[in-house]
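J.: Please see the structure below; I have some questions.
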Amino acid sequence: MSKRNPEYDFAWCPGCGDFGVRRALQVALENYSIEHEEPQANNIVVAGIGCSGNMVHLVEGDQPFGLHGIHGRTLPISLGVKMGNPELNTVVVAGDGDFLSIGGEHIGPAANRNLDVTAVVMDNGVYGLTKGQSSPTTDYGAVTVSTPLGKIENPISPLRHYMSIGVTYIASYYSSKPRVLAKLIQEAMNHRGFSIVHVQSPCTTYNDTYDILKGKPKEGIKGLAYDIPEDHDPTSVQAANELLEQPGIPLGVIFKYEGKALQDRHQELQSKAPNKTNQQLLDSYLLKA
Amino acid sequence: MDKHDFVIRFAGEGGQGLVTSADALSRAAAHAGYFVQTHSTFPSQIMGGPASSQVRISTTPVLSSGDGVDVLVALNQYAYDHHHQDLNVGGVTIYNAEEYELPEGGDYFGIKADELAKSTGNARAANMVSIGAVANLIDFDLDQIDAFITQRFTRGRAGDDEIIAANIKAVRLGAEVATNAGFKVGKLHAPDPPDYEQIVITGNAALSLGATAAGLEFYVGYPISPATTVLIWMENNLWGEGRFVHQVASEIEAINAILGAGFAGKKAMTATAGPGFSLMSEGLGLAWMAEIPLVVVDVQRGGPATGLPTKSEQSDLYTCMHPAHGDIKMPVLAPGTIEECFYAGALSVNWAERYQGPVILLSEFGLAERGENIRRPELSAISTESRTLVNEEDTGKRYDSWDGTTPLPGMPIPGGRGAYVANGSEHDEIGDTTHLPRHHIRLTERRFKKLDLLNGAHYEIENADADVIIMPWGSSKGPAREAYDRLLASGENVGWLYSVALHPLPDEVKNVLASSDKIIVPELNYLGQWSSLLRQEGYKAESITQYTGLPFRPADLVVSIRERIDVGVTA
């Protein structure tokens, strides 16, 4: 159930990282709306399929417009939504399976277009909703229900993938600090172009990585996650690539590049376009013009 | 006696200007006041390979590509070997004497078109040499061709006069060769020009123009034969405030992008062919489920898989009706002529808006690139429907129950009131996922009930009480109509039934179907897809099938329909 709809029959497991991401997204949407003096109705959330996609129904407070579509196709759907009305703020929410596996083919084209949407990717390293199969970010050799003898594939490195394929804003974070995550998401929304906020969002049922991410400070065990050093220059391709060569999971903005977004490119071509009326188009086929 | 109808075919290799020749001859004839229809067949490769392009010239509107060929222009030996059996009695072949020789004494003569063209000072006028020879054979007034050449090459450039003179000379040189050869194929009757304005247009251009006339705003697509020219048309023309056109990375991107645009309030379309349509299945299911207006054009080619990319087949009907898993039956509009392509293009957009859902516009290779002169449509006669929007009085519940007794409630658009989640999972009134039986029942019924709103497509009913009714669909309409006319003229008791809307069918068409004991469906597929869908509804339909990759020939249909008539009606 959700707060506004007691009949809604979906719930995340206790402790799911997606709770934190939801909180962050909600704050980011609210603050973005305040910042731009726009109503919540000007925000659109395009959701993928999986545990994470249910976020669109679980937003508390004012309901943004949502489209909870089919598995893997959030980016092409968001292309239509964004270019259907470029004035509106379009956000994609999807999991690592949805975004990187079945939907992986759409990241490159979205980057090439510099499609002006913000993708919040929840990475839990597992297919949770279908109960525990390996995902593209599951480690090599990991035993899951679908890899009983160990996973045979290497995991994808999402951040390096985004970097190499030309995404113009790349941030990485985890679900545990929603307020900080919210600021990153809001910054990504303000980025004019394709932005991805890749969030480690642990699955407490099938792949509980909280300790691996954060470590156990009391026992002196360090986690994989670390804050990106303040002197990192995210506008430098070289600095971003060097950062991504380091072990661990960086927290913060890895890369950003201000380029022409798709709507700007389209506007440029528009100024060169013939702009014929329907009558002129029809009359161009006249037998005797 | 004058003849009212000629078929001229240019055969050779792709890249030899076959389409250009047929196109030029058809435009010259249309310019002179005749009715024309072209038909081309070529392999799926950039250059080379056996290809042909023909034009049928008539004093009355042309319904099909005809039966046989009256004049064959065969540019190589292979073309001669493979096409000369299509010649009608009294037909003549013009062969390319620069390429090969045929033994003396046949129904043919050679021509050296390139050499003669060079002698005019314009090597590019070779096709005009051939056209001159053809014109001479059928006694087509050469002055009419001169007039066409003058119009076509008067472009306000320095060399216009020279080009015109060379082309006219080329026509005369070709005609002279034919005169010297001593053949005649007949005399083309003087034209009976229509008293209305005409446009010359292909099926793909016509449906693009029709959709645009109905207010299309958003097009994305991916290249695929024979739908590519729709993408190209849109990339050239769908510009202006509030419009967007884009070539995407796959058909999966295309369907989902127009779905996003339809959700955002745009009138959106994509066009594809069989393989691309298969990739769109899941997205179409989502559009049906979430009730998003959009149009998918399927320009059929031969299937399955890569199939026959540049041949005619009507074998996508099942998949267009039921493109996705689950309880779905899509609205399908299947135009059968170039003119109908225009109006169906417009209606498909209007239907999508009217019932807030996806519509399939089912075209065919046989229509896509076929050129025809048709009556110029009146844009003012095209209605532009827009979905009703959610308003102050509405409950604000996007997915309320609906039984058809009230107008369909308005649709909320992002940025406006009534925020909801368009959901591909079964949902409640505001779009939240639910598995409760009552929601699945009421929304399944809503989705099907909405189809009742879809009417207004063109249909034809003649001799409805005849023993046997002929009901073609799509491009088989033309040859079936010629066959029907010949059967009627020979005294057969046959009726005619035709509908551009294949789903939902107009009530008037259903009434005829219900009262007929024998409905014969000529269609270009193996399974007899349309007749089996009709039988599924309880109608007594049977198919005449053909799966050659080529359109029906009226003469063949006359024979096969007569066989069915002779069998009679079994009680």
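Labels for the structure tokens follow display order: chains A, B, ..., residues from 1 in each chain, ligands from 1.
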Using only C-alpha atoms, select each residue of chain A with any atom at most 8 Å away from an atom of chain B, and give the selection as an mmCIF file with C-alpha atoms, in the first residue's frame.

T.:
data_model
loop_
_atom_site.group_PDB
_atom_site.id
_atom_site.type_symbol
_atom_site.label_atom_id
_atom_site.label_comp_id
_atom_site.auth_asym_id
_atom_site.auth_seq_id
_atom_site.Cartn_x
_atom_site.Cartn_y
_atom_site.Cartn_z
ATOM 1 C CA GLU A 7 -5.556 -0.476 -2.055
ATOM 2 C CA TYR A 8 -2.237 -0.368 -3.889
ATOM 3 C CA ASP A 9 -0.916 -3.877 -3.513
ATOM 4 C CA PHE A 10 2.824 -3.591 -3.789
ATOM 5 C CA PRO A 39 3.756 22.708 -10.208
ATOM 6 C CA ALA A 41 2.296 18.324 -12.656
ATOM 7 C CA ASN A 42 5.261 19.560 -14.726
ATOM 8 C CA ASN A 43 7.320 16.612 -13.511
ATOM 9 C CA ILE A 44 7.070 13.284 -15.284
ATOM 10 C CA VAL A 56 6.296 6.080 -9.319
ATOM 11 C CA HIS A 57 3.284 4.841 -7.330
ATOM 12 C CA GLN A 63 1.509 12.969 -7.501
ATOM 13 C CA PRO A 64 3.711 13.759 -10.499
ATOM 14 C CA PHE A 65 2.635 12.430 -13.874
ATOM 15 C CA GLY A 66 3.973 8.919 -14.316
ATOM 16 C CA LEU A 67 4.388 6.300 -16.986
ATOM 17 C CA HIS A 68 5.017 2.797 -15.706
ATOM 18 C CA GLY A 69 5.792 1.049 -18.949
ATOM 19 C CA ILE A 70 7.510 -2.118 -20.047
ATOM 20 C CA ARG A 73 12.301 0.861 -22.440
ATOM 21 C CA PRO A 76 12.973 5.552 -25.595
ATOM 22 C CA ILE A 77 9.704 6.337 -23.793
ATOM 23 C CA SER A 78 11.344 9.341 -22.181
ATOM 24 C CA LEU A 79 12.554 10.483 -25.623
ATOM 25 C CA GLY A 80 8.921 10.786 -26.672
ATOM 26 C CA VAL A 81 7.845 12.405 -23.429
ATOM 27 C CA LYS A 82 10.661 14.953 -23.441
ATOM 28 C CA MET A 83 10.457 15.895 -27.101
ATOM 29 C CA GLY A 84 6.655 15.825 -26.896
ATOM 30 C CA ASN A 85 6.937 18.667 -24.408
ATOM 31 C CA LEU A 88 8.619 19.556 -18.702
ATOM 32 C CA HIS A 106 19.211 2.559 -25.441
ATOM 33 C CA PRO A 109 21.581 6.525 -28.551
ATOM 34 C CA HIS A 266 16.296 20.277 -32.942
ATOM 35 C CA GLN A 270 14.188 23.939 -37.225
ATOM 36 C CA ALA A 273 13.603 23.696 -42.138
ATOM 37 C CA PRO A 274 11.333 24.375 -45.114
ATOM 38 C CA ASN A 275 8.197 24.883 -42.952
ATOM 39 C CA LYS A 276 5.718 24.252 -45.749
ATOM 40 C CA ASN A 278 -0.098 21.352 -45.526
ATOM 41 C CA GLN A 279 -1.601 23.032 -48.597
ATOM 42 C CA LEU A 281 2.837 20.076 -49.405
ATOM 43 C CA LEU A 282 -0.275 18.829 -51.156
ATOM 44 C CA ASP A 283 0.148 21.199 -54.078
ATOM 45 C CA TYR A 285 2.113 16.851 -56.068
ATOM 46 C CA LEU A 286 -0.164 18.639 -58.527
ATOM 47 C CA LEU A 287 -0.101 17.045 -61.969
ATOM 48 C CA LYS A 288 0.040 20.436 -63.645
#

J.: As a PDB file with C-alpha atoms, in the first residue's frame, please: every residue in region 15-109 of chain B that a backbone DSSP assignment puts in helix (DSSP H, G or I).

T.:
ATOM      1  CA  LEU B  18      13.888   1.441 -65.195  1.00  0.00           C
ATOM      2  CA  VAL B  19      11.843   3.283 -62.602  1.00  0.00           C
ATOM      3  CA  THR B  20      12.831   6.604 -64.163  1.00  0.00           C
ATOM      4  CA  SER B  21      11.619   5.428 -67.577  1.00  0.00           C
ATOM      5  CA  ALA B  22       8.300   4.112 -66.292  1.00  0.00           C
ATOM      6  CA  ASP B  23       7.850   7.231 -64.188  1.00  0.00           C
ATOM      7  CA  ALA B  24       8.568   9.555 -67.116  1.00  0.00           C
ATOM      8  CA  LEU B  25       6.201   7.666 -69.415  1.00  0.00           C
ATOM      9  CA  SER B  26       3.484   7.630 -66.751  1.00  0.00           C
ATOM     10  CA  ARG B  27       3.841  11.345 -66.100  1.00  0.00           C
ATOM     11  CA  ALA B  28       3.787  12.115 -69.820  1.00  0.00           C
ATOM     12  CA  ALA B  29       0.603  10.071 -70.155  1.00  0.00           C
ATOM     13  CA  ALA B  30      -0.997  11.618 -67.073  1.00  0.00           C
ATOM     14  CA  HIS B  31      -0.038  15.026 -68.404  1.00  0.00           C
ATOM     15  CA  ALA B  32      -1.818  14.170 -71.633  1.00  0.00           C
ATOM     16  CA  GLN B  77      19.041 -11.076 -72.115  1.00  0.00           C
ATOM     17  CA  TYR B  78      17.927 -12.146 -68.646  1.00  0.00           C
ATOM     18  CA  ALA B  79      15.130  -9.598 -68.677  1.00  0.00           C
ATOM     19  CA  TYR B  80      13.968 -10.820 -72.069  1.00  0.00           C
ATOM     20  CA  ASP B  81      14.109 -14.466 -70.997  1.00  0.00           C
ATOM     21  CA  HIS B  82      12.104 -13.825 -67.839  1.00  0.00           C
ATOM     22  CA  HIS B  83       9.501 -11.356 -69.055  1.00  0.00           C
ATOM     23  CA  HIS B  84       8.641 -12.118 -72.664  1.00  0.00           C
ATOM     24  CA  GLN B  85       6.214 -14.860 -71.638  1.00  0.00           C
ATOM     25  CA  ASP B  86       4.096 -12.106 -70.038  1.00  0.00           C
TER      26      ASP B  86
END

J.: Could you please determine the separation between CA of Val253 (chain A) and CA of Tyr210 (chain A) in Å, to one decimal place?

T.: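 Separation of CA of Val253 (chain A) and CA of Tyr210 (chain A): 21.0 Å.
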
J.: Near region 182-197 of chain A, within 9 Å and counting only C-alpha atoms, which residues show up once chain neighbours fewer than 6 positions away are dropped, as a ChimeraX atom specification?

T.: /A:21,23-29,31-32,89-91,110-111,113-122,162,167-173,252-253,256-262

J.: Quick one: write out the picked residues with N, CA and C atoms as a tab-separated table (two decimals), in the first residue's frame?

T.:
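Generated output (part.tsv):
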chain	number	residue	atom	x	y	z
A	21	VAL	N	15.96	6.02	-1.87
A	21	VAL	CA	15.96	6.65	-3.19
A	21	VAL	C	14.64	7.38	-3.43
A	23	ARG	N	12.72	8.68	-1.14
A	23	ARG	CA	12.76	9.90	-0.32
A	23	ARG	C	13.57	10.99	-1.06
A	24	ALA	N	14.70	10.57	-1.59
A	24	ALA	CA	15.58	11.52	-2.28
A	24	ALA	C	14.90	12.08	-3.53
A	25	LEU	N	14.25	11.22	-4.29
A	25	LEU	CA	13.59	11.66	-5.53
A	25	LEU	C	12.48	12.65	-5.21
A	26	GLN	N	11.73	12.31	-4.16
A	26	GLN	CA	10.62	13.17	-3.76
A	26	GLN	C	11.12	14.56	-3.38
A	27	VAL	N	12.16	14.60	-2.58
A	27	VAL	CA	12.74	15.89	-2.17
A	27	VAL	C	13.28	16.63	-3.39
A	28	ALA	N	13.94	15.90	-4.27
A	28	ALA	CA	14.51	16.53	-5.47
A	28	ALA	C	13.41	17.13	-6.33
A	29	LEU	N	12.30	16.37	-6.51
A	29	LEU	CA	11.19	16.88	-7.33
A	29	LEU	C	10.58	18.12	-6.69
A	31	ASN	N	11.96	20.22	-4.53
A	31	ASN	CA	12.88	21.36	-4.57
A	31	ASN	C	13.06	21.90	-5.98
A	32	TYR	N	13.07	20.98	-6.94
A	32	TYR	CA	13.18	21.43	-8.34
A	32	TYR	C	11.97	22.29	-8.70
A	89	ASN	N	9.93	18.53	-16.97
A	89	ASN	CA	11.08	17.86	-16.36
A	89	ASN	C	10.84	16.35	-16.39
A	90	THR	N	11.65	15.64	-17.15
A	90	THR	CA	11.42	14.21	-17.34
A	90	THR	C	12.49	13.40	-16.63
A	91	VAL	N	12.04	12.50	-15.76
A	91	VAL	CA	12.93	11.69	-14.95
A	91	VAL	C	12.66	10.21	-15.22
A	110	ALA	N	20.72	7.50	-26.48
A	110	ALA	CA	20.28	8.63	-25.64
A	110	ALA	C	21.45	9.58	-25.41
A	111	ALA	N	22.65	9.00	-25.23
A	111	ALA	CA	23.84	9.84	-25.03
A	111	ALA	C	24.18	10.59	-26.31
A	113	ARG	N	22.24	11.61	-28.56
A	113	ARG	CA	21.28	12.71	-28.75
A	113	ARG	C	21.45	13.77	-27.67
A	114	ASN	N	22.13	13.40	-26.61
A	114	ASN	CA	22.15	14.22	-25.38
A	114	ASN	C	20.72	14.55	-24.96
A	115	LEU	N	19.92	13.50	-24.92
A	115	LEU	CA	18.52	13.60	-24.52
A	115	LEU	C	18.43	14.18	-23.11
A	116	ASP	N	17.65	15.22	-22.96
A	116	ASP	CA	17.64	15.98	-21.71
A	116	ASP	C	16.69	15.35	-20.68
A	117	VAL	N	17.07	14.17	-20.21
A	117	VAL	CA	16.33	13.53	-19.13
A	117	VAL	C	17.33	13.10	-18.05
A	118	THR	N	16.80	12.87	-16.87
A	118	THR	CA	17.62	12.43	-15.75
A	118	THR	C	17.25	11.00	-15.39
A	119	ALA	N	18.22	10.10	-15.48
A	119	ALA	CA	17.95	8.70	-15.12
A	119	ALA	C	18.49	8.42	-13.73
A	120	VAL	N	17.61	7.97	-12.85
A	120	VAL	CA	18.03	7.54	-11.52
A	120	VAL	C	18.04	6.01	-11.55
A	121	VAL	N	19.24	5.44	-11.55
A	121	VAL	CA	19.36	3.99	-11.70
A	121	VAL	C	19.63	3.37	-10.33
A	122	MET	N	18.75	2.48	-9.93
A	122	MET	CA	18.90	1.80	-8.65
A	122	MET	C	19.58	0.46	-8.86
A	162	TYR	N	29.01	4.41	-18.80
A	162	TYR	CA	28.39	5.72	-19.07
A	162	TYR	C	29.42	6.70	-19.61
A	167	VAL	N	27.71	9.88	-21.91
A	167	VAL	CA	26.70	10.51	-21.05
A	167	VAL	C	27.29	11.82	-20.52
A	168	THR	N	26.52	12.91	-20.50
A	168	THR	CA	27.11	14.22	-20.22
A	168	THR	C	27.03	14.63	-18.75
A	169	TYR	N	26.34	13.84	-17.93
A	169	TYR	CA	26.38	14.10	-16.48
A	169	TYR	C	26.31	12.74	-15.79
A	170	ILE	N	27.35	12.43	-15.00
A	170	ILE	CA	27.39	11.13	-14.34
A	170	ILE	C	27.67	11.35	-12.86
A	171	ALA	N	26.75	10.86	-12.04
A	171	ALA	CA	26.96	10.91	-10.59
A	171	ALA	C	26.76	9.51	-10.03
A	172	SER	N	27.39	9.25	-8.91
A	172	SER	CA	27.27	7.95	-8.26
A	172	SER	C	26.98	8.20	-6.78
A	173	TYR	N	26.08	7.41	-6.22
A	173	TYR	CA	25.81	7.58	-4.79
A	173	TYR	C	25.20	6.30	-4.24
A	252	GLY	N	29.45	10.94	-5.42
A	252	GLY	CA	29.47	12.34	-5.85
A	252	GLY	C	29.40	12.46	-7.36
A	253	VAL	N	29.73	13.66	-7.85
A	253	VAL	CA	29.65	13.92	-9.29
A	253	VAL	C	30.97	13.52	-9.93
A	256	LYS	N	30.79	15.98	-15.68
A	256	LYS	CA	29.71	16.76	-16.32
A	256	LYS	C	30.27	17.60	-17.46
A	257	TYR	N	29.48	17.69	-18.50
A	257	TYR	CA	29.89	18.41	-19.70
A	257	TYR	C	28.68	19.18	-20.23
A	258	GLU	N	28.87	20.48	-20.42
A	258	GLU	CA	27.77	21.30	-20.93
A	258	GLU	C	27.79	21.27	-22.45
A	259	GLY	N	26.84	20.58	-23.05
A	259	GLY	CA	26.78	20.53	-24.51
A	259	GLY	C	25.36	20.84	-24.97
A	260	LYS	N	25.16	20.73	-26.26
A	260	LYS	CA	23.81	20.99	-26.79
A	260	LYS	C	22.90	19.82	-26.47
A	261	ALA	N	21.79	20.10	-25.85
A	261	ALA	CA	20.80	19.06	-25.60
A	261	ALA	C	19.98	18.83	-26.87
A	262	LEU	N	19.25	17.71	-26.90
A	262	LEU	CA	18.50	17.34	-28.10
A	262	LEU	C	17.55	18.45	-28.53
